[in-house]
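One structure is given here, and the rest of the page talks about it.
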Amino acid sequence: MTPTTGEGAIGLRGASIGYGDVPIVREVDLAVAPGEAVAVLGSNGSGKTTLARGLLGLATVLAGEVTVLGAPVGRLRERGRVGYVPQRHTVSGAAPATVREVVSVGRLARLGLFRRLGAADRRAVADAVAAVGMGDRMEDPVASLSGGQQRRVLVARALAAEPELLIMDEPTAGVDAASQEALAGVLARVSAAGTTLLVVTHEAGPLAGVLHRAVVVESGLITYDGPLAGAQAEPGGGHHHHEDAGQPPGRPGYRLDQPTVTPPSARPRTAGA
Ligand SMILES: Nc1ncnc2c1ncn2[C@@H]1O[C@H](COP(=O)(O)OP(=O)(O)OP(=O)(O)O)[C@@H](O)[C@H]1O
């Protein structure tokens, strides 16, 4: 199991995250316990991707604290413990690469540099590709695949590393209904096995059976943190609850429509602990 330090899988405390010196996500608090499956909702440009990228060291933590698997962001030794499916669906790299090669690179993230894939690793690669329904395209160049198929390969690349924390940015965007359903099944299995999921999405619907908690980000603040159903009940995923405009600006205005259960591992340690 994850050797937690009491920090949980993800911890943001008064965290501002942005680019250059411009904060996009502002003074946000968030605690995700190991094994939770959390949707990150919100309108375009609200800061969802920036929040996710901040967890990966791809956006700058400008204030506060951000911890991932118990370590300050960027300090985690074993990078393979965190998987990432980026928003852009193009598979990078100029060299023509097959599905097998791209997903194998994902597996290598777990092994570290200069290690070779053994039989178990090759099996994990094949399993990950099969899990996203691309088993019959193993030797095809990724560049020859459709956008939605490339997205599924990126999901397989992340799955192949068997990460403890899987961060996905719009994994279902441009993916057909059947493949979304298949992805939901895969994520349900991965979640049941204890992997923590953080999924940025506009359409939590296809993954509603997997994601039990939602966080709504609006204008860089977390405006809702609670059960997914409560967030979905709001028009557009929770954009329009500014009727309580009395909130002081600049502080995370939690709107806990439903009580949020803070898992014991996510609670601040008591003095003397
Ligand atoms: N690399 C960057 N450098 C500077 N500003 C950026 C960068 N990436 C994003 N931004 C800005 O940060 C803000 C939030 O963008 P972000 O991508 O986090 O939003 P989002 O909620 O994920 O939106 P969407 O739903 O459209 O994907 C936007 O105003 C955007 O212009």
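So you can find residues: chains in the structure tokens are A, B, ... in the order shown, residues in each start at 1, and ligands are numbered from 1 in order.
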Within 8 Å of range 33-48 of chain A using only C-alpha atoms, minus same-chain residues under 2 positions, as a count of residues only: 41
Find the residues near Ala126 in chain A: any atom within 10 Å, counting only C-alpha atoms, skip ones fewer than 6 places away on the same chain, and give them as a PDB file with C-alpha atoms, in the first residue's frame.
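See result38.pdb below for the written result:
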```pdb
ATOM      1  CA  VAL A  99       1.109   1.571 -30.243  1.00  0.00           C
ATOM      2  CA  ARG A 100       3.293  -1.044 -28.538  1.00  0.00           C
ATOM      3  CA  VAL A 103       2.743   2.161 -24.314  1.00  0.00           C
ATOM      4  CA  SER A 104       6.081   0.463 -23.539  1.00  0.00           C
ATOM      5  CA  ALA A 120       5.859  -9.371 -16.987  1.00  0.00           C
ATOM      6  CA  MET A 134      -6.707  -1.373 -29.077  1.00  0.00           C
ATOM      7  CA  GLY A 135      -5.276  -4.892 -28.881  1.00  0.00           C
ATOM      8  CA  MET A 138      -0.577  -3.109 -31.388  1.00  0.00           C
ATOM      9  CA  ALA A 156      -2.992   2.756 -22.059  1.00  0.00           C
ATOM     10  CA  ALA A 160       0.885   0.384 -18.241  1.00  0.00           C
TER      11      ALA A 160
END
```
Expected answer as a VMD selection string: strand (DSSP E or B) residues in range 89-230 of chain A: chain A and resid 98 141 165 to 169 196 to 200 213 to 218 221 to 227
Closest of A:Ala109, A:Leu58, A:Leu165, A:Ala71 to ligand 1 - atom-to-atom distances counting only C-alpha atoms and all ligand atoms: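 Of the candidates, the smallest distance to ligand 1 is held by A:Leu58.
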Test item, helix (DSSP H, G or I) assignment across range 7-223 of chain A, answer as an NGL selection string: :A and (48-55 or 79-81 or 99-111 or 119-131 or 135-137 or 142-144 or 147-160 or 177-192 or 205-207)
Long-range neighbours of Ala97 in chain A as a PyMOL selection string, 12 Å cut-off, only C-alpha atoms, 3 positions minimum in chain: chain A and resi 91-94+100-105+138-145+150+153
Could you please take those selected residues and save N, CA and C atoms as a PDB file, in the first residue's frame?
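Saved as selection_15.pdb:
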```pdb
ATOM      1  N   VAL A  91       0.145  12.326 -29.839  1.00  0.00           N
ATOM      2  CA  VAL A  91       1.239  11.605 -29.218  1.00  0.00           C
ATOM      3  C   VAL A  91       2.526  12.262 -29.695  1.00  0.00           C
ATOM      4  N   SER A  92       3.336  12.712 -28.741  1.00  0.00           N
ATOM      5  CA  SER A  92       4.514  13.483 -29.123  1.00  0.00           C
ATOM      6  C   SER A  92       5.604  12.580 -29.691  1.00  0.00           C
ATOM      7  N   GLY A  93       6.588  13.194 -30.281  1.00  0.00           N
ATOM      8  CA  GLY A  93       7.694  12.431 -30.847  1.00  0.00           C
ATOM      9  C   GLY A  93       7.611  12.417 -32.354  1.00  0.00           C
ATOM     10  N   ALA A  94       8.678  12.841 -33.009  1.00  0.00           N
ATOM     11  CA  ALA A  94       8.673  12.926 -34.462  1.00  0.00           C
ATOM     12  C   ALA A  94       8.834  11.535 -35.068  1.00  0.00           C
ATOM     13  N   ARG A 100       2.513  -0.289 -29.525  1.00  0.00           N
ATOM     14  CA  ARG A 100       3.293  -1.044 -28.538  1.00  0.00           C
ATOM     15  C   ARG A 100       4.442  -0.204 -27.980  1.00  0.00           C
ATOM     16  N   GLU A 101       5.129   0.529 -28.879  1.00  0.00           N
ATOM     17  CA  GLU A 101       6.276   1.318 -28.435  1.00  0.00           C
ATOM     18  C   GLU A 101       5.860   2.446 -27.488  1.00  0.00           C
ATOM     19  N   VAL A 102       4.800   3.137 -27.859  1.00  0.00           N
ATOM     20  CA  VAL A 102       4.356   4.262 -27.023  1.00  0.00           C
ATOM     21  C   VAL A 102       3.942   3.770 -25.638  1.00  0.00           C
ATOM     22  N   VAL A 103       3.224   2.670 -25.605  1.00  0.00           N
ATOM     23  CA  VAL A 103       2.743   2.161 -24.314  1.00  0.00           C
ATOM     24  C   VAL A 103       3.919   1.564 -23.517  1.00  0.00           C
ATOM     25  N   SER A 104       4.891   0.995 -24.222  1.00  0.00           N
ATOM     26  CA  SER A 104       6.081   0.463 -23.539  1.00  0.00           C
ATOM     27  C   SER A 104       6.860   1.573 -22.834  1.00  0.00           C
ATOM     28  N   VAL A 105       6.887   2.749 -23.456  1.00  0.00           N
ATOM     29  CA  VAL A 105       7.553   3.891 -22.822  1.00  0.00           C
ATOM     30  C   VAL A 105       6.863   4.218 -21.496  1.00  0.00           C
ATOM     31  N   MET A 138      -1.853  -3.122 -32.099  1.00  0.00           N
ATOM     32  CA  MET A 138      -0.577  -3.109 -31.388  1.00  0.00           C
ATOM     33  C   MET A 138       0.607  -2.633 -32.237  1.00  0.00           C
ATOM     34  N   GLU A 139       0.695  -3.109 -33.465  1.00  0.00           N
ATOM     35  CA  GLU A 139       1.874  -2.795 -34.281  1.00  0.00           C
ATOM     36  C   GLU A 139       1.625  -1.636 -35.246  1.00  0.00           C
ATOM     37  N   ASP A 140       0.483  -0.972 -35.120  1.00  0.00           N
ATOM     38  CA  ASP A 140       0.190   0.148 -36.017  1.00  0.00           C
ATOM     39  C   ASP A 140       0.926   1.405 -35.559  1.00  0.00           C
ATOM     40  N   PRO A 141       1.371   2.220 -36.530  1.00  0.00           N
ATOM     41  CA  PRO A 141       1.935   3.518 -36.129  1.00  0.00           C
ATOM     42  C   PRO A 141       0.848   4.368 -35.480  1.00  0.00           C
ATOM     43  N   VAL A 142       1.186   5.006 -34.369  1.00  0.00           N
ATOM     44  CA  VAL A 142       0.194   5.811 -33.657  1.00  0.00           C
ATOM     45  C   VAL A 142      -0.321   6.939 -34.547  1.00  0.00           C
ATOM     46  N   ALA A 143       0.576   7.453 -35.406  1.00  0.00           N
ATOM     47  CA  ALA A 143       0.188   8.565 -36.277  1.00  0.00           C
ATOM     48  C   ALA A 143      -0.929   8.174 -37.245  1.00  0.00           C
ATOM     49  N   SER A 144      -1.113   6.867 -37.456  1.00  0.00           N
ATOM     50  CA  SER A 144      -2.142   6.424 -38.399  1.00  0.00           C
ATOM     51  C   SER A 144      -3.504   6.281 -37.713  1.00  0.00           C
ATOM     52  N   LEU A 145      -3.557   6.535 -36.404  1.00  0.00           N
ATOM     53  CA  LEU A 145      -4.808   6.352 -35.666  1.00  0.00           C
ATOM     54  C   LEU A 145      -5.611   7.653 -35.629  1.00  0.00           C
ATOM     55  N   GLN A 150      -5.952   7.686 -30.545  1.00  0.00           N
ATOM     56  CA  GLN A 150      -4.698   8.143 -29.935  1.00  0.00           C
ATOM     57  C   GLN A 150      -4.901   8.447 -28.451  1.00  0.00           C
ATOM     58  N   VAL A 153      -4.740   5.324 -26.612  1.00  0.00           N
ATOM     59  CA  VAL A 153      -3.355   4.866 -26.468  1.00  0.00           C
ATOM     60  C   VAL A 153      -2.665   5.615 -25.315  1.00  0.00           C
TER      61      VAL A 153
END
```
Spatial neighbours of Arg151 in chain A, max dist 12 Å, only C-alpha atoms, sep filter under 4 positions, as number ranges by chain: A: 84-92, 99, 102-103, 129, 132-134, 142-143, 145-147, 155-158, 168-176, 179-180, 183
Could you dump the residues just selected with C-alpha atoms as a PDB file, in the first residue's frame?
```
ATOM      1  CA  TYR A  84      -0.783  11.368 -16.485  1.00  0.00           C
ATOM      2  CA  VAL A  85      -3.012  11.523 -19.522  1.00  0.00           C
ATOM      3  CA  PRO A  86      -2.556  15.022 -20.950  1.00  0.00           C
ATOM      4  CA  GLN A  87      -5.325  17.035 -22.534  1.00  0.00           C
ATOM      5  CA  ARG A  88      -3.827  17.338 -25.997  1.00  0.00           C
ATOM      6  CA  HIS A  89      -4.407  14.118 -27.775  1.00  0.00           C
ATOM      7  CA  THR A  90      -1.432  14.104 -30.086  1.00  0.00           C
ATOM      8  CA  VAL A  91       1.239  11.605 -29.218  1.00  0.00           C
ATOM      9  CA  SER A  92       4.514  13.483 -29.123  1.00  0.00           C
ATOM     10  CA  VAL A  99       1.109   1.571 -30.243  1.00  0.00           C
ATOM     11  CA  VAL A 102       4.356   4.262 -27.023  1.00  0.00           C
ATOM     12  CA  VAL A 103       2.743   2.161 -24.314  1.00  0.00           C
ATOM     13  CA  VAL A 129      -3.546  -1.865 -24.733  1.00  0.00           C
ATOM     14  CA  VAL A 132      -8.554   0.318 -23.988  1.00  0.00           C
ATOM     15  CA  GLY A 133      -9.718  -1.903 -26.833  1.00  0.00           C
ATOM     16  CA  MET A 134      -6.707  -1.373 -29.077  1.00  0.00           C
ATOM     17  CA  VAL A 142       0.194   5.811 -33.657  1.00  0.00           C
ATOM     18  CA  ALA A 143       0.188   8.565 -36.277  1.00  0.00           C
ATOM     19  CA  LEU A 145      -4.808   6.352 -35.666  1.00  0.00           C
ATOM     20  CA  SER A 146      -7.755   8.688 -35.231  1.00  0.00           C
ATOM     21  CA  GLY A 147      -7.752  11.340 -32.495  1.00  0.00           C
ATOM     22  CA  VAL A 155      -4.673   6.138 -21.472  1.00  0.00           C
ATOM     23  CA  ALA A 156      -2.992   2.756 -22.059  1.00  0.00           C
ATOM     24  CA  ARG A 157       0.442   4.391 -21.745  1.00  0.00           C
ATOM     25  CA  ALA A 158      -0.529   5.700 -18.305  1.00  0.00           C
ATOM     26  CA  MET A 168      -6.335  12.331 -16.509  1.00  0.00           C
ATOM     27  CA  ASP A 169      -7.253  15.475 -18.437  1.00  0.00           C
ATOM     28  CA  GLU A 170     -10.405  14.942 -20.517  1.00  0.00           C
ATOM     29  CA  PRO A 171      -9.858  11.207 -21.085  1.00  0.00           C
ATOM     30  CA  THR A 172     -13.249  10.819 -22.771  1.00  0.00           C
ATOM     31  CA  ALA A 173     -13.048  13.848 -25.079  1.00  0.00           C
ATOM     32  CA  GLY A 174     -13.408  12.768 -28.702  1.00  0.00           C
ATOM     33  CA  VAL A 175     -13.842   9.150 -27.662  1.00  0.00           C
ATOM     34  CA  ASP A 176     -16.929   7.314 -28.937  1.00  0.00           C
ATOM     35  CA  SER A 179     -14.967   3.300 -25.917  1.00  0.00           C
ATOM     36  CA  GLN A 180     -16.092   5.622 -23.127  1.00  0.00           C
ATOM     37  CA  LEU A 183     -12.798   3.209 -20.330  1.00  0.00           C
TER      38      LEU A 183
END
```
Selected residue, from A:Ala231, A:Ile222, A:Ala119, A:Leu108, that lies nearest to ligand 1 when counting only C-alpha atoms and all ligand atoms: A:Ile222
Residue nearest ligand 1 among A:Ile167, A:Val28, A:Ala59, A:Val190 (counting only C-alpha atoms and all ligand atoms):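 Looking at the shortest contact to ligand 1, the residue is A:Ala59.
When CA of Gly205 in chain A is paired with CA of Ala229 in chain A, their separation reads 9.9 Å.
Distance-wise, CA of Leu166 in chain A and CA of Arg122 in chain A end up 20.4 Å apart.
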